>>> print(open('upload-v6.txt').read())   # compact mmCIF, C-alpha atoms
# COMPACT_ATOMS: atom_id res chain seq x y z
CA MET A 1 0.00 0.00 0.00
CA SER A 2 1.48 3.35 -1.01
CA SER A 3 -1.17 5.83 0.17
CA PHE A 4 -3.70 6.34 2.96
CA LYS A 5 -6.46 6.38 0.34
CA GLU A 6 -5.54 2.82 -0.64
CA LEU A 7 -5.80 1.82 3.03
CA GLY A 8 -9.46 2.90 2.96
CA LEU A 9 -9.33 6.29 4.66
CA PRO A 10 -11.73 9.01 3.43
CA LYS A 11 -10.56 11.89 1.23
CA TRP A 12 -10.92 14.55 3.94
CA LEU A 13 -8.67 12.62 6.34
CA CYS A 14 -6.05 11.94 3.67
CA GLU A 15 -5.99 15.67 2.88
CA THR A 16 -5.66 16.54 6.59
CA LEU A 17 -2.70 14.17 6.96
CA ALA A 18 -1.12 15.56 3.81
CA GLY A 19 -1.50 19.04 5.29
CA VAL A 20 0.92 18.06 8.08
CA LYS A 21 3.20 16.32 5.56
CA ILE A 22 2.13 12.77 6.39
CA THR A 23 1.54 11.20 2.99
CA LYS A 24 2.93 7.68 3.08
CA PRO A 25 1.75 5.08 5.62
CA THR A 26 4.29 3.34 7.81
CA ASN A 27 4.36 -0.45 7.84
CA THR A 28 2.45 -0.43 11.12
CA GLN A 29 -0.27 1.81 9.71
CA ALA A 30 -0.53 -0.26 6.53
CA GLY A 31 -0.82 -3.46 8.57
CA THR A 32 -3.50 -2.27 10.99
CA ILE A 33 -5.73 0.45 9.51
CA PRO A 34 -7.53 -1.73 6.90
CA GLU A 35 -8.34 -4.44 9.46
CA ILE A 36 -9.58 -1.92 12.03
CA LEU A 37 -11.81 -0.36 9.37
CA LYS A 38 -13.29 -3.84 8.79
CA GLY A 39 -14.43 -3.87 12.42
CA ARG A 40 -11.79 -6.13 13.92
CA SER A 41 -10.13 -5.65 17.31
CA CYS A 42 -6.38 -5.32 17.23
CA ILE A 43 -3.13 -5.99 19.05
CA GLY A 44 -0.51 -3.81 17.39
CA GLY A 45 3.14 -4.18 18.31
CA ALA A 46 5.84 -1.95 16.87
CA LYS A 47 8.72 0.15 18.07
CA THR A 48 8.30 3.76 19.16
CA GLY A 49 8.25 6.16 16.24
CA SER A 50 6.43 3.82 13.86
CA GLY A 51 3.19 5.82 13.82
CA LYS A 52 1.08 3.91 16.33
CA THR A 53 -1.17 6.87 17.18
CA ILE A 54 -2.28 7.38 13.57
CA SER A 55 -2.76 3.60 13.32
CA PHE A 56 -5.66 3.75 15.77
CA ALA A 57 -6.75 7.40 15.47
CA ALA A 58 -7.23 7.46 11.70
CA PRO A 59 -9.69 4.54 11.38
CA MET A 60 -11.59 5.72 14.47
CA LEU A 61 -11.99 9.20 12.99
CA ALA A 62 -13.03 7.75 9.65
CA LYS A 63 -15.83 5.74 11.26
CA TRP A 64 -16.80 8.62 13.57
CA ALA A 65 -17.28 10.95 10.56
CA GLU A 66 -19.82 8.51 9.11
CA ASP A 67 -22.03 8.67 12.21
CA PRO A 68 -20.89 11.23 14.83
CA CYS A 69 -23.15 10.48 17.78
CA GLY A 70 -22.26 10.78 21.48
CA ILE A 71 -18.93 9.64 22.92
CA PHE A 72 -17.42 7.57 20.13
CA GLY A 73 -14.17 6.30 21.63
CA VAL A 74 -11.89 6.30 24.67
CA VAL A 75 -8.10 6.18 24.58
CA LEU A 76 -6.36 5.11 27.81
CA THR A 77 -2.64 5.63 28.31
CA PRO A 78 -0.36 5.28 31.37
CA THR A 79 1.06 8.80 31.69
CA ARG A 80 -0.28 12.33 31.53
CA GLU A 81 2.36 13.36 29.02
CA LEU A 82 1.38 10.61 26.60
CA ALA A 83 -2.29 11.50 26.99
CA MET A 84 -1.56 15.16 26.20
CA GLN A 85 0.48 14.17 23.15
CA ILE A 86 -2.29 11.91 21.83
CA ALA A 87 -4.94 14.58 22.45
CA GLU A 88 -2.88 17.07 20.42
CA GLN A 89 -2.68 14.59 17.54
CA PHE A 90 -6.45 13.95 17.63
CA SER A 91 -7.11 17.69 17.60
CA ALA A 92 -4.78 18.18 14.65
CA MET A 93 -6.36 15.34 12.65
CA GLY A 94 -9.89 16.56 13.44
CA SER A 95 -9.20 20.27 12.97
CA ASN A 96 -11.31 20.54 9.81
CA VAL A 97 -14.33 18.54 11.01
CA ASN A 98 -15.20 20.18 14.33
CA LEU A 99 -13.91 17.26 16.40
CA LYS A 100 -14.43 17.58 20.16
CA THR A 101 -11.91 15.84 22.40
CA ALA A 102 -11.68 15.77 26.19
CA LEU A 103 -8.35 15.34 27.97
CA VAL A 104 -8.86 13.64 31.34
CA ILE A 105 -5.68 13.48 33.42
CA GLY A 106 -4.50 14.05 36.97
CA GLY A 107 -3.05 17.37 38.02
CA GLU A 108 -5.82 19.36 36.33
CA SER A 109 -9.24 20.54 37.55
CA MET A 110 -11.53 17.53 37.95
CA ILE A 111 -14.60 19.80 37.96
CA GLU A 112 -13.69 21.20 34.53
CA GLN A 113 -13.00 17.72 33.20
CA SER A 114 -16.31 16.39 34.55
CA ASN A 115 -18.17 19.27 32.88
CA LYS A 116 -16.50 18.45 29.56
CA LEU A 117 -17.55 14.81 29.86
CA LYS A 118 -21.16 15.82 30.58
CA ASN A 119 -21.22 17.44 27.13
CA ASN A 120 -20.45 14.11 25.43
CA PRO A 121 -17.19 14.85 23.57
CA ASP A 122 -16.47 12.74 20.50
CA PHE A 123 -13.32 11.20 21.98
CA ILE A 124 -11.88 10.96 25.50
CA ILE A 125 -8.12 10.66 25.99
CA ALA A 126 -7.40 9.76 29.59
CA THR A 127 -5.18 8.24 32.20
CA PRO A 128 -7.03 5.36 33.92
CA GLY A 129 -6.78 6.76 37.45
CA ARG A 130 -8.47 10.10 36.74
CA LEU A 131 -11.17 8.61 34.48
CA ALA A 132 -11.93 5.94 37.08
CA HIS A 133 -12.21 8.62 39.78
CA ILE A 134 -14.70 10.64 37.76
CA ILE A 135 -16.72 7.50 36.94
CA GLN A 136 -16.93 6.68 40.64
CA GLU A 137 -17.81 10.26 41.67
CA HIS A 138 -20.26 11.07 38.85
CA PRO A 139 -21.64 7.80 37.42
CA ASP A 140 -24.89 9.38 36.19
CA ASP A 141 -23.01 11.94 34.11
CA LEU A 142 -21.11 9.28 32.17
CA LYS A 143 -23.86 6.98 30.96
CA GLY A 144 -22.72 7.81 27.42
CA LEU A 145 -19.70 5.57 27.97
CA LYS A 146 -21.99 2.56 27.62
CA ARG A 147 -22.43 3.37 23.93
CA ILE A 148 -18.83 3.92 22.85
CA LYS A 149 -17.59 2.10 19.75
CA TYR A 150 -13.85 1.98 20.49
CA VAL A 151 -11.55 1.48 23.47
CA VAL A 152 -7.81 1.96 22.92
CA LEU A 153 -5.07 0.89 25.34
CA ASP A 154 -1.89 2.71 24.34
CA GLU A 155 1.33 1.30 25.82
CA ALA A 156 -0.84 -1.68 26.69
CA ASP A 157 1.96 -3.69 28.32
CA ARG A 158 2.26 -1.04 31.05
CA LEU A 159 -1.49 -0.69 31.48
CA LEU A 160 -1.94 -4.44 31.91
CA THR A 161 0.13 -4.53 35.10
CA ASP A 162 -0.96 -4.59 38.72
CA SER A 163 -0.47 -0.83 39.06
CA PHE A 164 -3.46 -0.11 36.82
CA THR A 165 -5.69 -3.13 37.46
CA GLU A 166 -8.16 -1.50 39.84
CA HIS A 167 -8.61 1.66 37.77
CA LEU A 168 -8.94 -0.29 34.51
CA ASN A 169 -11.62 -2.50 36.04
CA THR A 170 -13.60 0.59 37.06
CA CYS A 171 -13.30 2.03 33.55
CA PHE A 172 -14.23 -1.17 31.75
CA GLN A 173 -17.31 -1.64 33.93
CA ALA A 174 -18.55 1.67 32.51
CA PHE A 175 -17.85 0.57 28.91
CA PRO A 176 -20.04 -1.70 26.76
CA ALA A 177 -19.29 -5.43 26.60
CA SER A 178 -16.34 -6.46 24.44
CA THR A 179 -18.72 -7.90 21.81
CA LYS A 180 -20.29 -4.45 21.34
CA ARG A 181 -17.10 -2.45 20.82
CA GLN A 182 -13.71 -2.68 19.16
CA THR A 183 -10.70 -2.92 21.45
CA LEU A 184 -7.37 -1.70 20.07
CA LEU A 185 -4.18 -2.46 21.98
CA PHE A 186 -0.93 -0.82 20.88
CA THR A 187 2.46 -1.26 22.47
CA ALA A 188 6.16 -1.30 21.73
CA THR A 189 6.43 -4.52 23.73
CA VAL A 190 3.94 -7.31 23.04
CA THR A 191 4.16 -9.12 26.37
CA ASP A 192 2.54 -12.45 27.22
CA ALA A 193 -0.19 -10.55 29.11
CA VAL A 194 -1.00 -8.58 25.95
CA ARG A 195 -0.74 -11.53 23.58
CA SER A 196 -2.99 -13.70 25.79
CA LEU A 197 -5.93 -11.43 24.95
CA LYS A 198 -5.86 -12.90 21.43
CA ASP A 199 -7.01 -16.22 22.85
CA LYS A 200 -10.21 -14.67 24.19
CA SER A 201 -11.64 -13.75 20.79
CA ASP A 202 -11.31 -14.97 17.23
CA ASP A 203 -12.00 -11.44 16.00
CA VAL A 204 -8.71 -10.08 17.34
CA PHE A 205 -5.80 -9.84 14.92
CA VAL A 206 -2.17 -9.40 15.94
CA HIS A 207 0.13 -7.18 13.91
CA GLU A 208 3.67 -7.36 15.25
CA LEU A 209 6.03 -5.57 12.90
CA ASP A 210 9.19 -5.62 14.98
CA LYS A 211 9.22 -8.24 17.68
CA ILE A 212 11.29 -6.80 20.47
CA ASP A 213 13.16 -10.10 20.73
CA ASP A 214 14.17 -9.85 17.06
CA VAL A 215 14.95 -6.15 16.64
CA VAL A 216 16.16 -4.65 19.88
CA ILE A 217 19.01 -2.15 19.55
CA PRO A 218 19.93 -0.64 16.15
CA GLU A 219 23.55 -0.96 15.08
CA ARG A 220 23.82 2.83 14.73
CA LEU A 221 23.33 3.15 18.49
CA SER A 222 26.62 2.99 20.39
CA LEU A 223 26.31 1.32 23.81
CA SER A 224 28.94 1.92 26.47
CA TYR A 225 29.41 2.09 30.24
CA ILE A 226 31.41 3.99 32.83
CA LEU A 227 32.47 2.18 35.99
CA THR A 228 31.94 4.64 38.79
CA PRO A 229 31.78 4.55 42.60
CA PHE A 230 28.37 5.59 43.88
CA LEU A 231 29.67 8.64 45.78
CA VAL A 232 31.14 10.37 42.71
CA LYS A 233 28.37 9.74 40.17
CA GLU A 234 27.36 13.43 40.15
CA ALA A 235 30.93 14.49 39.38
CA VAL A 236 31.24 11.95 36.57
CA LEU A 237 27.96 13.14 35.07
CA HIS A 238 28.98 16.80 35.25
CA ASN A 239 32.28 16.03 33.54
CA LEU A 240 30.59 13.99 30.81
CA LEU A 241 28.16 16.82 30.03
CA THR A 242 30.52 19.77 30.21
CA GLU A 243 34.06 18.77 29.25
CA GLY A 244 34.01 16.24 26.44
CA GLU A 245 32.40 15.43 23.13
CA PHE A 246 28.87 15.82 24.55
CA LYS A 247 29.21 19.35 25.97
CA GLU A 248 26.85 20.74 23.32
CA SER A 249 24.70 17.60 22.82
CA THR A 250 21.00 17.14 23.47
CA VAL A 251 20.84 14.66 26.35
CA MET A 252 18.27 12.59 28.22
CA ILE A 253 19.35 11.28 31.64
CA PHE A 254 17.32 8.48 33.22
CA VAL A 255 17.11 7.83 36.96
CA ASN A 256 15.01 5.42 39.02
CA ARG A 257 13.61 7.80 41.66
CA SER A 258 11.96 11.22 41.71
CA GLU A 259 14.26 12.39 44.51
CA THR A 260 17.36 11.59 42.43
CA CYS A 261 15.82 13.35 39.44
CA GLU A 262 15.22 16.55 41.40
CA LEU A 263 18.63 16.45 43.09
CA ILE A 264 20.57 16.04 39.84
CA LYS A 265 18.56 18.79 38.16
CA ARG A 266 19.38 21.23 40.94
CA ILE A 267 23.07 20.32 40.93
CA LEU A 268 23.47 20.75 37.17
CA LYS A 269 21.41 23.93 37.11
CA ALA A 270 23.61 25.45 39.82
CA LEU A 271 26.65 24.59 37.68
CA GLY A 272 25.35 26.37 34.59
CA VAL A 273 23.88 23.48 32.60
CA ARG A 274 20.63 24.26 30.74
CA VAL A 275 18.63 21.48 32.35
CA THR A 276 15.04 20.54 33.10
CA SER A 277 13.36 17.49 34.65
CA LEU A 278 10.35 15.19 34.51
CA HIS A 279 9.10 13.19 37.51
CA SER A 280 5.92 12.40 39.42
CA GLU A 281 6.56 14.86 42.25
CA MET A 282 6.19 17.82 39.88
CA GLN A 283 2.94 19.70 39.36
CA GLN A 284 1.36 18.96 35.99
CA SER A 285 1.98 22.50 34.73
CA GLU A 286 5.67 22.09 35.59
CA ARG A 287 5.85 18.75 33.78
CA THR A 288 4.23 20.22 30.68
CA ASN A 289 6.50 23.27 30.70
CA SER A 290 9.54 21.07 31.19
CA LEU A 291 8.80 19.04 28.06
CA HIS A 292 8.10 22.20 26.06
CA ARG A 293 11.44 23.68 27.11
CA PHE A 294 13.34 20.55 26.10
CA ARG A 295 11.56 20.20 22.76
CA ALA A 296 12.15 23.88 21.99
CA GLY A 297 15.84 23.65 22.84
CA ALA A 298 15.61 26.03 25.81
CA ALA A 299 17.06 23.16 27.84
CA ARG A 300 19.57 20.78 26.28
CA VAL A 301 19.40 18.22 29.11
CA LEU A 302 16.26 16.47 30.34
CA ILE A 303 16.51 14.36 33.50
CA SER A 304 13.63 11.91 33.80
CA THR A 305 12.31 8.92 35.64
CA ASP A 306 10.74 6.27 33.42
CA LEU A 307 7.87 8.71 32.83
CA GLY A 308 9.87 9.75 29.76
CA GLY A 309 11.07 6.29 28.84
CA ARG A 310 8.65 5.54 26.05
CA GLY A 311 6.05 6.90 23.71
CA LEU A 312 6.85 10.60 23.98
CA ASP A 313 7.74 12.35 20.75
CA ILE A 314 11.11 13.88 21.62
CA PRO A 315 13.23 14.32 18.49
CA SER A 316 16.99 14.73 18.12
CA VAL A 317 18.25 13.25 21.39
CA GLU A 318 21.94 12.66 20.77
CA LEU A 319 22.89 11.00 24.05
CA VAL A 320 21.03 8.88 26.59
CA VAL A 321 22.60 8.44 30.03
CA ASN A 322 21.44 5.70 32.37
CA TYR A 323 22.48 7.41 35.59
CA ASP A 324 20.66 4.58 37.40
CA ILE A 325 20.43 1.13 35.82
CA PRO A 326 16.79 0.05 35.43
CA ARG A 327 15.54 -3.09 37.15
CA ASP A 328 13.84 -4.41 34.00
CA PRO A 329 15.99 -4.93 30.86
CA ASP A 330 13.03 -3.91 28.69
CA ASP A 331 13.03 -0.50 30.40
CA PHE A 332 16.64 -0.14 29.28
CA ILE A 333 15.54 -0.84 25.71
CA HIS A 334 12.84 1.83 25.88
CA ARG A 335 15.21 4.36 27.44
CA VAL A 336 18.00 4.04 24.88
CA GLY A 337 15.35 4.07 22.15
CA ARG A 338 15.07 7.82 22.76
CA THR A 339 18.16 8.27 20.57
CA ALA A 340 19.39 6.88 17.21
CA ARG A 341 15.92 7.40 15.71
CA ALA A 342 14.87 7.93 12.10
CA GLY A 343 18.20 6.68 10.77
CA ARG A 344 20.36 8.96 12.91
CA LYS A 345 23.29 7.86 15.05
CA GLY A 346 23.16 8.02 18.83
CA ASP A 347 25.02 7.16 22.02
CA ALA A 348 23.87 5.54 25.24
CA ILE A 349 26.16 5.51 28.27
CA SER A 350 25.34 3.64 31.48
CA PHE A 351 26.83 4.44 34.89
CA VAL A 352 27.73 1.12 36.51
CA THR A 353 28.41 0.80 40.23
CA PRO A 354 29.48 -2.50 41.85
CA ASN A 355 25.84 -3.13 42.82
CA ASP A 356 24.71 -2.93 39.19
CA LEU A 357 26.70 -5.80 37.70
CA ASP A 358 23.86 -8.35 37.77
CA ARG A 359 21.51 -5.87 36.08
CA ILE A 360 24.05 -5.10 33.38
CA LEU A 361 24.57 -8.80 32.66
CA ALA A 362 20.78 -9.27 32.42
CA ILE A 363 20.53 -6.33 29.99
CA GLU A 364 23.37 -7.61 27.80
CA ASP A 365 21.77 -11.04 27.72
CA ARG A 366 18.42 -9.47 26.78
CA ILE A 367 19.72 -7.31 23.95
CA GLY A 368 22.30 -9.78 22.67
CA ARG A 369 25.09 -7.20 22.72
CA LYS A 370 28.01 -6.33 24.97
CA MET A 371 28.66 -2.76 26.06
CA SER A 372 32.10 -1.26 25.63
CA GLU A 373 33.83 0.87 28.26
CA TYR A 374 33.68 4.62 27.70
CA GLU A 375 37.19 5.87 28.43
CA LYS A 376 37.01 9.58 27.57
CA VAL A 377 36.04 10.63 31.10
CA THR A 378 39.21 10.31 33.19
CA ASP A 379 39.81 10.40 36.95
CA LYS A 380 42.24 13.29 36.49
CA GLU A 381 39.65 15.41 34.68
CA ILE A 382 36.92 14.57 37.21
CA ILE A 383 39.10 15.61 40.15
CA LYS A 384 40.32 18.75 38.39
CA GLU A 385 37.06 20.05 36.91
CA SER A 386 34.06 18.47 38.61
CA LEU A 387 34.54 16.85 42.02
CA LYS A 388 34.73 19.94 44.24
CA VAL A 389 32.02 21.98 42.49
CA THR A 390 29.50 19.12 42.32
CA PHE A 391 30.01 18.28 45.98
CA ALA A 392 29.30 21.88 46.99
CA ALA A 393 26.26 22.05 44.69
CA LYS A 394 24.96 18.77 46.08
CA VAL A 395 25.14 20.03 49.67
CA ASP A 396 23.19 23.16 48.71
CA ALA A 397 20.62 21.17 46.72
CA ARG A 398 20.04 18.77 49.63
CA MET A 399 19.52 21.67 52.02
CA GLU A 400 17.03 23.31 49.66
CA MET A 401 15.06 20.08 49.18
CA ASP A 402 14.94 19.44 52.93
CA LYS A 403 13.76 22.99 53.54
CA GLU A 404 10.98 22.54 50.94
CA ASN A 405 10.00 19.13 52.41
CA PHE A 406 10.50 17.47 49.03
CA GLY A 407 8.69 14.14 48.83
CA GLU A 408 6.27 14.94 51.65
CA ARG A 409 3.21 14.73 49.38
CA LYS A 410 4.17 11.30 48.10
CA GLN A 411 4.84 10.08 51.63
CA LYS A 412 1.38 11.20 52.75
CA LEU A 413 -0.20 9.41 49.80
CA ARG A 414 1.70 6.23 50.67
CA GLU A 415 0.56 6.39 54.30
CA LYS A 416 -3.03 6.95 53.21
CA GLN A 417 -2.83 4.02 50.81
CA ARG A 418 -1.35 1.77 53.51
CA GLN A 419 -4.19 2.71 55.85
CA GLN A 420 -6.78 2.00 53.17
CA ASN A 421 -5.16 -1.32 52.29
CA GLY A 422 -5.00 -2.25 55.98
CA GLU A 423 -8.69 -1.46 56.50
CA SER A 424 -9.60 -3.36 53.35
CA ASN A 425 -7.57 -6.42 54.38
CA GLN A 426 -9.12 -6.33 57.87
CA LYS A 427 -12.62 -6.31 56.37
CA MET A 428 -11.70 -9.23 54.11
CA ARG A 429 -10.40 -11.25 57.06
CA ILE A 430 -13.53 -10.53 59.10
CA LYS A 431 -15.74 -11.46 56.16
CA SER A 432 -13.89 -14.74 55.64
CA GLY A 433 -14.15 -15.60 59.34
CA LYS A 434 -10.40 -15.57 59.92
CA VAL A 435 -10.74 -12.70 62.38
CA SER A 436 -13.68 -12.41 64.71
CA LYS A 437 -15.35 -9.12 65.30
CA PRO A 438 -14.61 -7.61 68.71
CA LYS A 439 -17.21 -8.61 71.27
CA LYS A 440 -19.01 -6.08 73.39
CA SER A 441 -18.01 -6.26 77.05
CA LYS A 442 -20.66 -7.46 79.49
CA LYS A 443 -22.03 -4.99 82.01
CA THR A 444 -21.18 -5.79 85.60
>>> encode(input="upload-v6.txt", output="structure tokens")
Amino acid sequence: MSSFKELGLPKWLCETLAGVKITKPTNTQAGTIPEILKGRSCIGGAKTGSGKTISFAAPMLAKWAEDPCGIFGVVLTPTRELAMQIAEQFSAMGSNVNLKTALVIGGESMIEQSNKLKNNPDFIIATPGRLAHIIQEHPDDLKGLKRIKYVVLDEADRLLTDSFTEHLNTCFQAFPASTKRQTLLFTATVTDAVRSLKDKSDDVFVHELDKIDDVVIPERLSLSYILTPFLVKEAVLHNLLTEGEFKESTVMIFVNRSETCELIKRILKALGVRVTSLHSEMQQSERTNSLHRFRAGAARVLISTDLGGRGLDIPSVELVVNYDIPRDPDDFIHRVGRTARAGRKGDAISFVTPNDLDRILAIEDRIGRKMSEYEKVTDKEIIKESLKVTFAAKVDARMEMDKENFGERKQKLREKQRQQNGESNQKMRIKSGKVSKPKKSKKT
């Protein structure tokens, strides 16, 4: 197939795509759009950057234009940033046909979002937690969800984990039965949990362009490591970013914890690096602004937890640094996939402490490649240029974060969740007869 028209999309949609210089379907789009238009449910697996959003948005819009009535479809995705990106793409594709979309994510006014949903938008793009909350709080206002034609799970492998189970169940209870809607699952990693859904219906087709086991890391991506003691990681990072071949490069740095993300951002900012960050402790407006700054080039370094590890459209990243080694080798694959895209070259450097050796071996086994040692950052240079200044900046950053009670909100949420889980478990034990209810004391 050489054109969107040949895939079965209407003329108005082909013209809209051409208006944003999208004229030739990717292999993923060619493999999924015709089948979705035929009414089949889908499991689509392909690497980031292969046009997954258009693969599900285009056929949904084509069918919506034939009969635009009520809420037509819901797209669920694991992060706010991905939801915002998808909503922007829907708005762009529906700009000439008066398409109404509602973005439903945490960190924004729930009252405003509820009011938008009352007006029956054509499509809802949401994170499961916020949509589930609104469904629970205002069930009568969302009866239109029972008539939707499409449900999309974007980054389905992440959504189909324990973290989202409760919220997804709430959402799906508000949707029509699977036989009365099309379900479209798209992911860069077709896990066993995703693939098992094929067994539940003969009407589900699987399109897996690049199996992650077959095509993992492109040859144009250079993989290397730096052996570093834990206590001097900040100094090594500063030296890597400011003294060598990457001192002008666009860089994404991945860490495992929000606290580390914030600390490193403050250290580098104090030392004159144009840096921004992305983590769950930030307000939504800050997260949005941070991504805008990085995309616009106002910041050349973005430090992120795995919030930025997949799906986000961030072009021209020249270097990825794994400041912390991820626990899951597949997360490593998604992280380094931020660079060496669209035929360009890229570098990925991992900081390896003695505690990381098992993780590195697991990653090398997973990707079928060995990393080489990066030798251009030397001990002499680190001591001369970076050690003293990063230590001083770290002390100041720690004091600032302590003064601001960084992490307090997350701690309160954890305590509240533990209390709720404890009460729930107690009720379950009482109901099952494993714990007897306290008896009233007899009067003397």
>>> closest_residue(input="upload-v6.txt", among="A:Ile363, A:Val74, A:Tyr225, A:Ile382", to="Val320 (chain A)", atoms="all atoms listed in the file")
A:Tyr225
>>> residues_around(input="upload-v6.txt", residues="region 254-262 of chain A", least_positions_apart="2", cutoff="12 Å", atoms="all atoms listed in the file", output="PyMOL selection string")
chain A and resi 233-234+237+251-252+264-269+275-282+301-310+319-328+331-332+334-336+338+348-351+394+397-398+400-402+405-408+410
>>> write_last_selection(input="upload-v6.txt", atoms="C-alpha atoms", output="PDB file, in the frame of the given file")
ATOM      1  CA  LYS A 233      28.370   9.740  40.170  1.00  0.00           C
ATOM      2  CA  GLU A 234      27.360  13.430  40.150  1.00  0.00           C
ATOM      3  CA  LEU A 237      27.960  13.140  35.070  1.00  0.00           C
ATOM      4  CA  VAL A 251      20.840  14.660  26.350  1.00  0.00           C
ATOM      5  CA  MET A 252      18.270  12.590  28.220  1.00  0.00           C
ATOM      6  CA  ILE A 264      20.570  16.040  39.840  1.00  0.00           C
ATOM      7  CA  LYS A 265      18.560  18.790  38.160  1.00  0.00           C
ATOM      8  CA  ARG A 266      19.380  21.230  40.940  1.00  0.00           C
ATOM      9  CA  ILE A 267      23.070  20.320  40.930  1.00  0.00           C
ATOM     10  CA  LEU A 268      23.470  20.750  37.170  1.00  0.00           C
ATOM     11  CA  LYS A 269      21.410  23.930  37.110  1.00  0.00           C
ATOM     12  CA  VAL A 275      18.630  21.480  32.350  1.00  0.00           C
ATOM     13  CA  THR A 276      15.040  20.540  33.100  1.00  0.00           C
ATOM     14  CA  SER A 277      13.360  17.490  34.650  1.00  0.00           C
ATOM     15  CA  LEU A 278      10.350  15.190  34.510  1.00  0.00           C
ATOM     16  CA  HIS A 279       9.100  13.190  37.510  1.00  0.00           C
ATOM     17  CA  SER A 280       5.920  12.400  39.420  1.00  0.00           C
ATOM     18  CA  GLU A 281       6.560  14.860  42.250  1.00  0.00           C
ATOM     19  CA  MET A 282       6.190  17.820  39.880  1.00  0.00           C
ATOM     20  CA  VAL A 301      19.400  18.220  29.110  1.00  0.00           C
ATOM     21  CA  LEU A 302      16.260  16.470  30.340  1.00  0.00           C
ATOM     22  CA  ILE A 303      16.510  14.360  33.500  1.00  0.00           C
ATOM     23  CA  SER A 304      13.630  11.910  33.800  1.00  0.00           C
ATOM     24  CA  THR A 305      12.310   8.920  35.640  1.00  0.00           C
ATOM     25  CA  ASP A 306      10.740   6.270  33.420  1.00  0.00           C
ATOM     26  CA  LEU A 307       7.870   8.710  32.830  1.00  0.00           C
ATOM     27  CA  GLY A 308       9.870   9.750  29.760  1.00  0.00           C
ATOM     28  CA  GLY A 309      11.070   6.290  28.840  1.00  0.00           C
ATOM     29  CA  ARG A 310       8.650   5.540  26.050  1.00  0.00           C
ATOM     30  CA  LEU A 319      22.890  11.000  24.050  1.00  0.00           C
ATOM     31  CA  VAL A 320      21.030   8.880  26.590  1.00  0.00           C
ATOM     32  CA  VAL A 321      22.600   8.440  30.030  1.00  0.00           C
ATOM     33  CA  ASN A 322      21.440   5.700  32.370  1.00  0.00           C
ATOM     34  CA  TYR A 323      22.480   7.410  35.590  1.00  0.00           C
ATOM     35  CA  ASP A 324      20.660   4.580  37.400  1.00  0.00           C
ATOM     36  CA  ILE A 325      20.430   1.130  35.820  1.00  0.00           C
ATOM     37  CA  PRO A 326      16.790   0.050  35.430  1.00  0.00           C
ATOM     38  CA  ARG A 327      15.540  -3.090  37.150  1.00  0.00           C
ATOM     39  CA  ASP A 328      13.840  -4.410  34.000  1.00  0.00           C
ATOM     40  CA  ASP A 331      13.030  -0.500  30.400  1.00  0.00           C
ATOM     41  CA  PHE A 332      16.640  -0.140  29.280  1.00  0.00           C
ATOM     42  CA  HIS A 334      12.840   1.830  25.880  1.00  0.00           C
ATOM     43  CA  ARG A 335      15.210   4.360  27.440  1.00  0.00           C
ATOM     44  CA  VAL A 336      18.000   4.040  24.880  1.00  0.00           C
ATOM     45  CA  ARG A 338      15.070   7.820  22.760  1.00  0.00           C
ATOM     46  CA  ALA A 348      23.870   5.540  25.240  1.00  0.00           C
ATOM     47  CA  ILE A 349      26.160   5.510  28.270  1.00  0.00           C
ATOM     48  CA  SER A 350      25.340   3.640  31.480  1.00  0.00           C
ATOM     49  CA  PHE A 351      26.830   4.440  34.890  1.00  0.00           C
ATOM     50  CA  LYS A 394      24.960  18.770  46.080  1.00  0.00           C
ATOM     51  CA  ALA A 397      20.620  21.170  46.720  1.00  0.00           C
ATOM     52  CA  ARG A 398      20.040  18.770  49.630  1.00  0.00           C
ATOM     53  CA  GLU A 400      17.030  23.310  49.660  1.00  0.00           C
ATOM     54  CA  MET A 401      15.060  20.080  49.180  1.00  0.00           C
ATOM     55  CA  ASP A 402      14.940  19.440  52.930  1.00  0.00           C
ATOM     56  CA  ASN A 405      10.000  19.130  52.410  1.00  0.00           C
ATOM     57  CA  PHE A 406      10.500  17.470  49.030  1.00  0.00           C
ATOM     58  CA  GLY A 407       8.690  14.140  48.830  1.00  0.00           C
ATOM     59  CA  GLU A 408       6.270  14.940  51.650  1.00  0.00           C
ATOM     60  CA  LYS A 410       4.170  11.300  48.100  1.00  0.00           C
TER      61      LYS A 410
END
>>> atom_distance(input="upload-v6.txt", atom1="CA of Thr288 (chain A)", atom2="CA of Ile86 (chain A)")
13.8 Å
>>> atom_distance(input="upload-v6.txt", atom1="CA of Met371 (chain A)", atom2="CA of Ile333 (chain A)")
13.3 Å
>>> atom_distance(input="upload-v6.txt", atom1="CA of Cys69 (chain A)", atom2="CA of Thr23 (chain A)")
28.8 Å
